[in-house]
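Reading through the structure tokens given below for one structure.
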Amino acid sequence: MLNYIYLIPLLPLIGAIVNGLFGYRIRKGWVGFWACGSTGLSFAAAVLAFLDLLSLAPEHRIFEQVLFTWISSGDFIVEAGLQVDPLSGIMMLIVTGVGFLIHVYSIGYMGHEYGYPRYFSYLNLFMFSMLVLVLGNNFLLMFIGWEGVGLCSYLLIGYYYEKQSASDAGKKAFVMNRIGDFGFALGVMLIFVTFGSIDYTTVFSEAHEKLAAGGVIVTTITLLLFLGATGKSAQIPLYTWLPDAMEGPTPVSALIHAATMVTAGVYMVARCSALFLMAPVAMNVVAIIGAVTAIFAASIGLFQNDIKRVLAYSTVSQLGYMFLACGVGAFTAAIFHVMTHAFFKACLFLGSGSVIHALHGAKDPQDMRYMGGLKNHMPRTYWTFAISTLAIAGIFPFAGFFSKDEILYETFIGGHKVLWGIAAVAAFLTAFYMFRLVFMTFHGKSRVDHEIEHHLHESPNVMTMPLVILAFLATIGGFVGLPAVMGTNIMHEFLGPVFTSHEHAGAVHHTAELDLSRNAFIWEWILMGISLAIAISGIFLARNLYIISTDIPERLASRYQSVHRLIFNKYYIDELYDAVFVNPIKNISASFLWKIFDVKIIDGIVNDTADFFMEFGQLLRRYQTGLVRNYAFSMLFGGLVIIGYYLLK
Amino acid sequence: MNQLGLPILSLITYTPLVGILLILFINKENRSLIRGIAFFTAIIAFVISLPLYFYFDSSTYEMQFVEFLPWIEEFGIGYHLGIDGISLLLVLLTTFITALSILAAWAAIERHVKEFMVAMLFLETGMLGVFCSLDFFLFYVFWEVMLIPMYLIIGIWGGARRVYAAVKFFIYTMAGSVLMLIGILVLYFINHNQTGEYTFNILKYHDIILSPTLQFWLFLAFFFAFAIKVPMFPFHTWLPDAHVEAPTAGSVILAGVLLKMGTYGFLRFSLPLFPHATQEFIPLISWLSIIGIIYGALVSMVQDDIKKLVAYSSVSHLGFCMLGMFALNMQGIEGSILQMINHGLSTGALFLIVGIIYERRHTRLIADYGGISKVMPVFAAIFMIVTLSSIGLPGLNGFIGEFLILVGTFKSNPWYAVFATGGVIFAAVYMLWMFQRVMFGEITKEENKHLKDLNGRELAYMLPILIFIFWIGVYPKPFLDKMHASVEHLIEQVKYHKSITGEERREARLLNFRAPEHQSTRHQ
């Protein structure tokens, strides 16, 4: 099957083209069939390819397939080629698998929307872009996917294009991503100039010959690439597009947040682990940005009332964990968390979609203040949602526990105690706001409009089945990455060959590990206990505030009004960006560059030059009087001058 | 004679004149026949230009399909045509775009159809002549001839301020050309001093030895002619006026082909003739290009007239072309040439798109639109693709050119590349913002509620462009392959000069390269 890996991205592309060109001419059922069928087949192909990969010996688990020469100009030669190794293998499974479930769910969720074929066409295109990103064998192909997912998010976030806020959000997503892409593109150029190639194989194998560890070049390359990652994976300072991306249909949010798009940055950093490990400065930047984003976004999540926005900030925060893991050199843990996060976050988003679906017709079907008590109306949604919430909060034995615990452990053991502290606090906040969400939505008294309450219903099977499957995965998904004290970590064994070769080479980060190694087992148990305790206390606090004494949050909010307002308004970061970047650029361009500099100065000079000649001509015209005596006088004068010249010479 | 055994370049260049001849015999009231003949002629010209691609030998930088006839022998003026890897694609672009824009003018031009079509075809001959001429005199004739039909197209069929725009266009470009004419004459006499031969053969001028000072002044003379045409910042102000006033077909040709005359001029003349000066001018031209990229984007962003917005975006795009060219390496120059083609396709398509909605609503103001996607979904899809092509989305044509340019620039000077890449961000802002305001949102204007989606004719001229937008984006090899040899040779010509000058260079040239390198092209 490995020889047919091109089918994995190709199938969704075909689906996108078919639905894009003919979607409006065929029956609705067929549209959904094409979209889901192509993705399903793509998933099947991915599974088969993955099994083939597993059958190979661990050290040979890399398969490259060159399709054709894409660009060739002088020594800049780029091939369109695909590459499957353990890292891209896991990623393609996540993308196609979770993506497929989201496609199926969409049949139910989008059933009544206009532009159904357009939706599925974009969705398939999204899968295609993400698969190219993951499977490409060089940086430029990754860049195709990289900008491709940016485009698809633009199209899908702005799906309800008649709504101003939706098209604004789409544009914002694209532009924010472009700012990141600016870094990514420059990084790729610098790689090309340094290595003379942008193939992964060449670059990573020659990294140690061509670059000095910790040198300026490798640090610049990695920081530029990371700038790209902050855009795509919504990290500080380029995260503001992701919460706004909630304007898109809910399954799209699931797709963006779980299976595709935002994980791209983590994948890229993991893919370039060989380079990042050579640049300790960049690693520290990655770790710090990750940890700070984790807690920063979590704090915003505390007070949001929009169910999807809470989830959005939780994504930003969880992505922070992944980057923290990358930054401390625990790439396996990062990818592990990408995987478990894909399961529970997809489930959470689709679950919130199910809620919104049930509340259809309400004034604001996303506002948790008008929910409550939904548990009894929609049990499947509730249980799957609850399981995923336990997973994200990091409760044993759900998937999120293992991956988050591994990140915390690696951070601590790597000697980054402060970052560990930040991440631990963020974990507490996560448990708190996620359970706040669950309690406000599903528990307590219903605050739903009476009109709507009569119609409350569980979603159809086509929507709940994906939820059940995802919840199941969110439950057991963690067992592939058991901590060392509990058994074998399959994830480590599998992904190890992709990372270890570099991890040893540039083991800058594992010096502190030596001191602790004797006690590593004890530490592992202790840290596990701490994270569990943190998560549980977060849940209890949420329970106290939102189930037992529900008046406390109000009172706290009014007492610490300024803090509350600051956080509620997301620290005014959007406003800050507008005031510092967007508006000045717009205003200066409009009022100065265009209306004064261009029109008055540059064009003014052009027209003045023309006017000058005109005036000069007018001046000369006066001497063309048409009077013979004037001309005769000039002739006489001229003749005298000529004669005079010769006489005096 | 050449690999095809017939004067193919002349055939292509003068096919439009045959069309003009036919049209002259038709009653001007018979408008559909006139349109038909004009379109048919343009299609013929396009079809017979296709063999150029297939018979073009990519392995050599020598001029191909060469034609030579002595013309005014006492002054050394010859009728000398030929193309290489630099001009090949531009010739094809010209025949392609002209055919499409005639189709686009079908319904838009109702007054003086006969005269309009004559002007369009005459313009085509002029443009093709410029790209094919290998004789300076002939080149200059075509270069100036081309201005007249364009002047008329803007001045007669244009918008409200058409006369102002037409005169400005004409005089501005003319003023630049005059300096070039002086430059050509200087070269002519210097060549005579050095070789004793009076000739306007451009290829022979490559062997002239020019002192750095002289190169500087001559470069400057040519620079004004070409920089105005490109247009480079700060010589760009004629462009928005011309574009806004020109009818759709005029804008398409102006953006699609005419602007490439400037960049082509740099490649064909300035770089190989004045290599020393070229190197000296790199910083100035690069910075002007970068300013153009960012400035064009910023000013474009705040326009309220769609056509003006696209016009300023051309300043930005052409900045990329110039920047890549003066990187003086393979990626930069090839990217620059490809970007000329891409800009011709994408911006040409953008003007066609503006024309399509202008014909329906008779306004170019962004504020008069909004929510058009709802009523014109097919149009929306095509507009979206063209927009994305223009902002350089990977997988579409714009990206290949832009990225090659940036890689080439990065190689020669990373800082230039940093600033230019910054310009890429703005491209997304101004295009997407415009798209949003025109196409998205609710339909607020009553007039927009019943707009008709694309008709067959409109689809017929948009689809071919879309095919190329995808083709170049996914598989640019067939386009790039044709350039390699010529661009390599050009770089040798320019770079070679850096180390040795004067006699040494001449000797080395004779030793290293096929000595009488242009002899082979001078047969009849």
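Chain labels A, B, ... are given in the sequence in which chains occur in the structure tokens; within each chain residues are numbered consecutively from 1, and ligands are likewise numbered from 1 in the order shown.
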
**Proximal residues of chain A relative to chain B (only C-alpha atoms; 8 Å) as an MDAnalysis selection string** = chainID A and resid 69:74 76 143:144 147:148 161:164 167 171 174:175 178:179 182 185:186 189:190 193 585:586 589:590 593:594 598:599 602:603

Expected file: the selected residues, N, CA, C and O atoms, as a short mmCIF file (atom, residue, chain, number, x, y, z; two decimals), in the first residue's frame:
data_model
loop_
_atom_site.label_atom_id
_atom_site.label_comp_id
_atom_site.auth_asym_id
_atom_site.auth_seq_id
_atom_site.Cartn_x
_atom_site.Cartn_y
_atom_site.Cartn_z
N THR A 69 8.89 16.34 -10.77
CA THR A 69 9.65 17.54 -10.41
C THR A 69 8.73 18.73 -10.51
O THR A 69 8.14 18.99 -11.55
N TRP A 70 8.62 19.43 -9.41
CA TRP A 70 7.64 20.50 -9.35
C TRP A 70 8.25 21.80 -9.90
O TRP A 70 7.77 22.36 -10.86
N ILE A 71 9.30 22.25 -9.25
CA ILE A 71 9.95 23.48 -9.70
C ILE A 71 11.42 23.18 -9.94
O ILE A 71 12.04 22.48 -9.14
N SER A 72 11.94 23.67 -11.04
CA SER A 72 13.36 23.52 -11.24
C SER A 72 13.86 24.80 -11.88
O SER A 72 13.45 25.18 -12.97
N SER A 73 14.75 25.48 -11.17
CA SER A 73 15.31 26.72 -11.68
C SER A 73 16.72 26.83 -11.13
O SER A 73 16.91 27.02 -9.94
N GLY A 74 17.69 26.66 -12.01
CA GLY A 74 19.07 26.66 -11.54
C GLY A 74 19.26 25.54 -10.54
O GLY A 74 18.85 24.41 -10.77
N PHE A 76 17.83 25.41 -7.70
CA PHE A 76 16.63 25.30 -6.86
C PHE A 76 15.70 24.27 -7.48
O PHE A 76 14.98 24.56 -8.43
N PHE A 143 4.80 23.86 2.73
CA PHE A 143 4.28 25.22 2.63
C PHE A 143 2.98 25.27 1.83
O PHE A 143 2.09 26.07 2.15
N ILE A 144 2.86 24.43 0.81
CA ILE A 144 1.59 24.34 0.07
C ILE A 144 0.47 24.00 1.02
O ILE A 144 -0.56 24.65 1.07
N GLU A 147 -0.17 26.90 3.63
CA GLU A 147 -1.04 27.98 3.19
C GLU A 147 -2.40 27.44 2.78
O GLU A 147 -3.40 28.14 2.85
N GLY A 148 -2.41 26.19 2.33
CA GLY A 148 -3.67 25.58 1.92
C GLY A 148 -4.65 25.49 3.07
O GLY A 148 -5.83 25.84 2.94
N TYR A 161 -20.95 33.83 4.71
CA TYR A 161 -20.31 35.07 4.29
C TYR A 161 -21.22 36.28 4.35
O TYR A 161 -20.78 37.41 4.27
N GLU A 162 -22.53 36.03 4.47
CA GLU A 162 -23.42 37.18 4.55
C GLU A 162 -23.32 37.89 5.90
O GLU A 162 -23.77 39.01 6.05
N LYS A 163 -22.76 37.16 6.86
CA LYS A 163 -22.58 37.74 8.18
C LYS A 163 -21.26 38.48 8.22
O LYS A 163 -20.20 37.89 7.95
N GLN A 164 -21.31 39.72 8.59
CA GLN A 164 -20.09 40.53 8.62
C GLN A 164 -19.03 39.91 9.51
O GLN A 164 -17.87 39.78 9.14
N SER A 167 -17.22 36.91 7.89
CA SER A 167 -16.23 37.17 6.85
C SER A 167 -15.04 37.93 7.43
O SER A 167 -13.91 37.76 6.97
N LYS A 171 -11.14 36.55 7.23
CA LYS A 171 -10.03 37.37 6.75
C LYS A 171 -8.94 37.48 7.80
O LYS A 171 -7.76 37.37 7.51
N PHE A 174 -6.84 34.43 7.88
CA PHE A 174 -5.91 34.33 6.76
C PHE A 174 -4.73 35.27 6.95
O PHE A 174 -3.57 34.89 6.76
N VAL A 175 -5.03 36.50 7.36
CA VAL A 175 -3.96 37.49 7.47
C VAL A 175 -3.02 37.14 8.61
O VAL A 175 -1.79 37.20 8.47
N ARG A 178 -0.88 34.58 7.48
CA ARG A 178 0.10 35.10 6.54
C ARG A 178 1.30 35.70 7.26
O ARG A 178 2.43 35.60 6.80
N ILE A 179 1.02 36.35 8.38
CA ILE A 179 2.13 36.93 9.13
C ILE A 179 3.07 35.81 9.58
O ILE A 179 4.29 35.91 9.49
N PHE A 182 5.04 34.46 6.68
CA PHE A 182 6.18 35.32 6.38
C PHE A 182 7.44 34.73 7.00
O PHE A 182 8.47 34.58 6.35
N ALA A 185 8.24 31.25 5.35
CA ALA A 185 8.84 31.37 4.01
C ALA A 185 10.30 31.79 4.11
O ALA A 185 11.17 31.22 3.44
N LEU A 186 10.57 32.77 4.98
CA LEU A 186 11.96 33.20 5.12
C LEU A 186 12.82 32.08 5.68
O LEU A 186 13.97 31.89 5.27
N MET A 189 13.68 29.83 2.91
CA MET A 189 14.72 30.41 2.04
C MET A 189 16.10 30.28 2.69
O MET A 189 17.08 29.94 2.02
N LEU A 190 16.15 30.55 3.97
CA LEU A 190 17.43 30.47 4.65
C LEU A 190 17.93 29.02 4.65
O LEU A 190 19.12 28.75 4.48
N VAL A 193 19.33 28.42 1.18
CA VAL A 193 20.63 29.06 0.97
C VAL A 193 21.72 28.34 1.76
O VAL A 193 22.86 28.20 1.30
N ILE A 585 -1.74 51.78 10.19
CA ILE A 585 -1.37 51.45 8.81
C ILE A 585 -2.46 51.90 7.86
O ILE A 585 -2.21 52.53 6.82
N LYS A 586 -3.69 51.60 8.24
CA LYS A 586 -4.81 51.98 7.38
C LYS A 586 -4.88 53.50 7.22
O LYS A 586 -5.00 54.02 6.12
N SER A 589 -1.91 54.98 5.31
CA SER A 589 -2.00 54.67 3.89
C SER A 589 -3.04 55.54 3.21
O SER A 589 -2.81 56.07 2.13
N ALA A 590 -4.18 55.69 3.86
CA ALA A 590 -5.26 56.42 3.22
C ALA A 590 -4.99 57.91 3.20
O ALA A 590 -5.04 58.55 2.15
N LEU A 593 -0.17 58.39 2.54
CA LEU A 593 0.49 57.78 1.38
C LEU A 593 -0.28 58.03 0.09
O LEU A 593 0.27 58.44 -0.92
N TRP A 594 -1.58 57.79 0.16
CA TRP A 594 -2.35 57.92 -1.08
C TRP A 594 -2.68 59.37 -1.38
O TRP A 594 -2.23 59.93 -2.36
N ASP A 598 1.09 60.29 -2.80
CA ASP A 598 0.96 59.84 -4.18
C ASP A 598 0.33 60.89 -5.08
O ASP A 598 0.87 61.25 -6.11
N VAL A 599 -0.81 61.39 -4.63
CA VAL A 599 -1.55 62.30 -5.51
C VAL A 599 -0.91 63.68 -5.55
O VAL A 599 -0.70 64.25 -6.62
N ILE A 602 4.00 62.98 -5.64
CA ILE A 602 4.59 62.32 -6.81
C ILE A 602 3.88 62.73 -8.09
O ILE A 602 4.49 63.19 -9.05
N ASP A 603 2.56 62.59 -8.08
CA ASP A 603 1.84 62.95 -9.29
C ASP A 603 1.88 64.45 -9.48
O ASP A 603 1.85 64.95 -10.61
#

Report task. Within 8 Å of B:Ile77, counting only C-alpha atoms, which residues show up once you throw out same-chain ones fewer than 2 positions away? Write them as a ChimeraX atom specification, please. Result -> /B:70-75,79,135,137-138,199-201

Give the helix (DSSP H, G or I) residues of stretch 205-323 of chain A, as assigned by DSSP on the backbone, as a ChimeraX atom specification.
/A:205-210,216-232,241-247,250-259,263-271,273-276,280-301,307-323

Q. Which residue, B:Phe142, B:Phe131, B:Phe326, B:Trp217, has the smallest gap to B:Tyr264 when you use only C-alpha atoms?
A.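 The answer is B:Phe131, which sits nearest to B:Tyr264.
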
- Task: Would you list the contacts of stretch 144-159 of chain B as number ranges by chain, taking every protein, DNA or RNA residue within 7 Å and counting only C-alpha atoms, but skipping same-chain residues closer than 5 positions in sequence?
- Result: B: 116, 119-120, 122-123, 126-127, 166, 170, 245-247, 250

Nearest to B:Tyr61, chosen from B:Leu490, B:Ile20, B:Thr41, B:Lys495, with only C-alpha atoms counted in the distances: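 Under the stated criterion, the closest residue is B:Leu490.
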
Would you mind listing what lies within 10 Å of B:Thr60 as a list in words, with only C-alpha atoms counted and same-chain residues fewer than 3 positions away left out?
-> Phe56, Asp57, Met63, Gln64, Asp84, Gly85, Lys482, Met483, His484, Ala485, Ser486, Glu488 and His489 of chain B

| task | Run DSSP on the backbone and give me the residues of stretch 276-489 of chain A it puts in strand (DSSP E or B), as a PyMOL selection string. | result | chain A and resi 306+367+481+489

Rounded to one decimal in Å, what is the spacing between atom CA of A:Gly373 and atom CA of A:Ala245?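 Here the two named atoms are 27.4 Å from each other.
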
For B:Trp287, find every residue with an atom within 9 Å (counting only C-alpha atoms), except residues of its own chain fewer than 4 positions away, and show them as JSON, numbers by chain.
{"B": [282, 283, 291, 292, 323, 416]}
